[in-house]
Amino acid sequence: MPTFSSSGVVLLGDVFHCFPPDIGQGVNSALEDVFILNQALTQNNDIISDALPLFEYLRSPDIKPLICLAQTAYSWQYNQGFLGKRLWSINFFIRLLLSRILPFIFAPPAFILIQNHQLSYREIWGIAQRTTIFIFVLGIVLILGTLALFLDNF
Ligand SMILES: Cc1cc2nc3c(=O)[nH]c(=O)nc-3n(C[C@H](O)[C@H](O)[C@H](O)COP(=O)(O)OP(=O)(O)OC[C@H]3O[C@@H](n4cnc5c(N)ncnc54)[C@H](O)[C@@H]3O)c2cc1C
């Protein structure tokens with residue numbers, strides 16, 4: 001009879017990370033789960049109770065970023081709010097424009113980064129977060145510069 005230490009439950013796909021289909025990653029991320037589970041099983045001679053901790057270790061770091069991306073990368077697809085949709089669009093086009101002008105500082109919007117299959121969800125979320133910080137810094141510099149000019153003229 002199996003004991004708790006020799007058995008386990010594995011969650012894959014939507015049951016592990018269910019979100020609206022806005023970013024079109026439901027199937028991709030489910031297939032990645034399967035791929036990584038297969039890796040974990042291969043490394044543990046197909047003993048599932050040994051493979052599951054490795055699966056969790058390998059997969060968990062990508063899941064929170066994936067959920068964050070699902071919430072922000074294209075979250076207004078279904079007309080969920082007038083103001084939010086406009087803010088999202090402004091944010092999207094600012095990032096797109098800045099990434100074209102200064103690509104070595106600003107990354108394109110996360111929705112575009114997601115199309116690059118060579119980047120993990122963790123990497124995409126990290127890049128998007130870094131660009132957010134740079135945009136804040138740029139905003140503060142612009143505000144302070146405008147204030148300085150204004151005070152100088154005054
Ligand atoms: C409208 C919509 C559009 C989408 N568009 C995209 C897209 O463009 N790109 C993309 O990547 N993803 C998209 N997705 C998400 C994608 O469909 C899911 O993320 C993906 O199918 C998840 O796969 P899964 O195997 O985890 O679950 P599912 O595909 O839901 O498979 C679960 C299966 O389990 C079966 N089942 C449930 N309960 C039981 C039971 N008690 N006993 C036996 N069987 C059971 C169900 O019938 C189902 O066949 C979309 C989803 C929706 C709803």
# chains A, B, ... in the order shown; residues from 1 in each chain; ligands from 1
>>> residues_around(residues="region 34-44 of chain A", least_positions_apart="4", cutoff="7 Å", atoms="only C-alpha atoms", output="count of residues only")
6
>>> closest_atom_pairs(of="chain A", to="ligand 1", cutoff="12 Å", atoms="only C-alpha atoms and all ligand atoms", output="tab-separated table")
residue	atom	partner	partner_atom_place_in_ligand_line	distance
A:Val10	CA	ligand 1	26 (O)	11.9
A:Leu11	CA	ligand 1	26 (O)	8.8
A:Leu12	CA	ligand 1	26 (O)	6.0
A:Gly13	CA	ligand 1	26 (O)	3.3
A:Asp14	CA	ligand 1	26 (O)	3.8
A:Val15	CA	ligand 1	26 (O)	5.9
A:Phe16	CA	ligand 1	26 (O)	7.7
A:His17	CA	ligand 1	26 (O)	8.3
A:Cys18	CA	ligand 1	19 (O)	6.8
A:Phe19	CA	ligand 1	19 (O)	7.5
A:Pro20	CA	ligand 1	51 (C)	6.8
A:Pro21	CA	ligand 1	50 (C)	4.5
A:Asp22	CA	ligand 1	5 (N)	7.4
A:Ile23	CA	ligand 1	9 (N)	7.3
A:Gly24	CA	ligand 1	9 (N)	3.6
A:Gln25	CA	ligand 1	11 (O)	3.9
A:Gly26	CA	ligand 1	19 (O)	3.0
A:Val27	CA	ligand 1	11 (O)	3.7
A:Asn28	CA	ligand 1	11 (O)	5.3
A:Ser29	CA	ligand 1	11 (O)	7.4
A:Ala30	CA	ligand 1	26 (O)	5.7
A:Leu31	CA	ligand 1	23 (O)	8.2
A:Glu32	CA	ligand 1	26 (O)	11.0
A:Asp33	CA	ligand 1	26 (O)	9.4
A:Val34	CA	ligand 1	25 (O)	9.8
A:Ala70	CA	ligand 1	15 (C)	11.4
A:Gln77	CA	ligand 1	3 (C)	11.5
A:Tyr78	CA	ligand 1	1 (C)	10.8
A:Ile114	CA	ligand 1	11 (O)	11.5
A:Gln115	CA	ligand 1	11 (O)	11.4
>>> atom_distance(atom1="CA of Val137 (chain A)", atom2="CA of Ala107 (chain A)")
14.6 Å
>>> closest_residue(among="A:Ala110, A:Ser99, A:Leu83, A:Leu142", to="Arg122 (chain A)", atoms="only C-alpha atoms")
A:Ala110
>>> closest_residue(among="A:Cys68, A:Leu96, A:Leu58, A:Ile105", to="Arg130 (chain A)", atoms="only C-alpha atoms")
A:Ile105
>>> select_by_dssp(residues="region 68-144 of chain A", states="helix (DSSP H, G or I)", output="VMD selection string")
chain A and resid 68 to 72 82 to 101 110 to 113 121 to 144
>>> residues_around(residues="Thr131 (chain A)", least_positions_apart="6", cutoff="12 Å", atoms="only C-alpha atoms", output="PyMOL selection string")
chain A and resi 91-92+94-96+98-99+102-110+124-125+137-138
>>> write_last_selection(atoms="N, CA and C atoms", output="compact mmCIF listing (two decimals), in the first residue's frame")
# COMPACT_ATOMS: atom_id res chain seq x y z
N ASN A 91 0.67 53.11 -21.42
CA ASN A 91 1.85 52.39 -20.91
C ASN A 91 2.49 51.57 -22.02
N PHE A 92 1.66 50.87 -22.79
CA PHE A 92 2.17 50.02 -23.87
C PHE A 92 2.94 50.86 -24.90
N ILE A 94 4.19 53.94 -24.63
CA ILE A 94 5.39 54.58 -24.07
C ILE A 94 6.55 53.59 -24.10
N ARG A 95 6.29 52.37 -23.66
CA ARG A 95 7.35 51.35 -23.64
C ARG A 95 7.83 51.02 -25.05
N LEU A 96 6.87 50.93 -25.96
CA LEU A 96 7.23 50.60 -27.35
C LEU A 96 8.12 51.70 -27.94
N LEU A 98 9.90 54.08 -26.33
CA LEU A 98 11.20 54.17 -25.65
C LEU A 98 12.13 53.03 -26.08
N SER A 99 11.55 51.85 -26.28
CA SER A 99 12.39 50.70 -26.67
C SER A 99 12.92 50.86 -28.09
N LEU A 102 15.68 54.03 -27.40
CA LEU A 102 16.83 53.62 -26.56
C LEU A 102 16.72 52.13 -26.21
N PRO A 103 16.93 51.27 -27.20
CA PRO A 103 16.69 49.83 -26.96
C PRO A 103 17.63 49.22 -25.93
N PHE A 104 18.80 49.86 -25.68
CA PHE A 104 19.74 49.30 -24.71
C PHE A 104 19.34 49.65 -23.28
N ILE A 105 18.36 50.53 -23.11
CA ILE A 105 17.89 50.87 -21.76
C ILE A 105 16.47 50.34 -21.52
N PHE A 106 15.60 50.60 -22.49
CA PHE A 106 14.18 50.25 -22.31
C PHE A 106 13.81 49.02 -23.14
N ALA A 107 13.13 48.08 -22.48
CA ALA A 107 12.67 46.87 -23.19
C ALA A 107 11.29 47.12 -23.77
N PRO A 108 10.93 46.39 -24.83
CA PRO A 108 9.56 46.49 -25.36
C PRO A 108 8.55 46.01 -24.32
N PRO A 109 7.26 46.30 -24.55
CA PRO A 109 6.25 45.84 -23.59
C PRO A 109 6.29 44.32 -23.40
N ALA A 110 5.88 43.88 -22.20
CA ALA A 110 5.94 42.45 -21.87
C ALA A 110 5.17 41.61 -22.89
N ILE A 124 11.30 37.45 -18.52
CA ILE A 124 10.44 38.49 -19.11
C ILE A 124 9.94 39.43 -18.02
N TRP A 125 9.49 38.83 -16.90
CA TRP A 125 8.97 39.66 -15.81
C TRP A 125 10.08 40.54 -15.24
N VAL A 137 12.36 56.56 -13.25
CA VAL A 137 13.53 57.44 -13.13
C VAL A 137 13.46 58.52 -14.21
N LEU A 138 13.15 58.11 -15.44
CA LEU A 138 13.04 59.08 -16.54
C LEU A 138 11.96 60.11 -16.23
>>> closest_residue(among="A:Asn153, A:Asn116, A:Thr146, A:Thr72", to="Leu87 (chain A)", atoms="only C-alpha atoms")
A:Thr72
>>> atom_distance(atom1="CA of Leu149 (chain A)", atom2="CA of Phe136 (chain A)")
19.9 Å
>>> residues_around(residues="Trp88 (chain A)", least_positions_apart="6", cutoff="9 Å", atoms="only C-alpha atoms", output="list in words")
Thr72, Ala73, Tyr74, Ser75 and Trp76 of chain A
>>> write_last_selection(atoms="N, CA and C atoms", output="short mmCIF file (atom, residue, chain, number, x, y, z; two decimals), in the first residue's frame")
data_model
loop_
_atom_site.label_atom_id
_atom_site.label_comp_id
_atom_site.auth_asym_id
_atom_site.auth_seq_id
_atom_site.Cartn_x
_atom_site.Cartn_y
_atom_site.Cartn_z
N THR A 72 -0.96 41.68 -16.14
CA THR A 72 -0.56 43.02 -16.59
C THR A 72 -0.21 43.12 -18.08
N ALA A 73 0.23 42.02 -18.71
CA ALA A 73 0.81 42.15 -20.05
C ALA A 73 -0.22 42.50 -21.12
N TYR A 74 -1.45 42.06 -20.95
CA TYR A 74 -2.49 42.40 -21.95
C TYR A 74 -3.84 42.22 -21.30
N SER A 75 -4.01 42.91 -20.21
CA SER A 75 -5.12 42.57 -19.33
C SER A 75 -6.43 43.27 -19.65
N TRP A 76 -6.46 44.03 -20.73
CA TRP A 76 -7.69 44.77 -21.02
C TRP A 76 -8.32 44.32 -22.32
#
>>> atom_distance(atom1="CA of Gly126 (chain A)", atom2="CA of Leu66 (chain A)")
11.1 Å
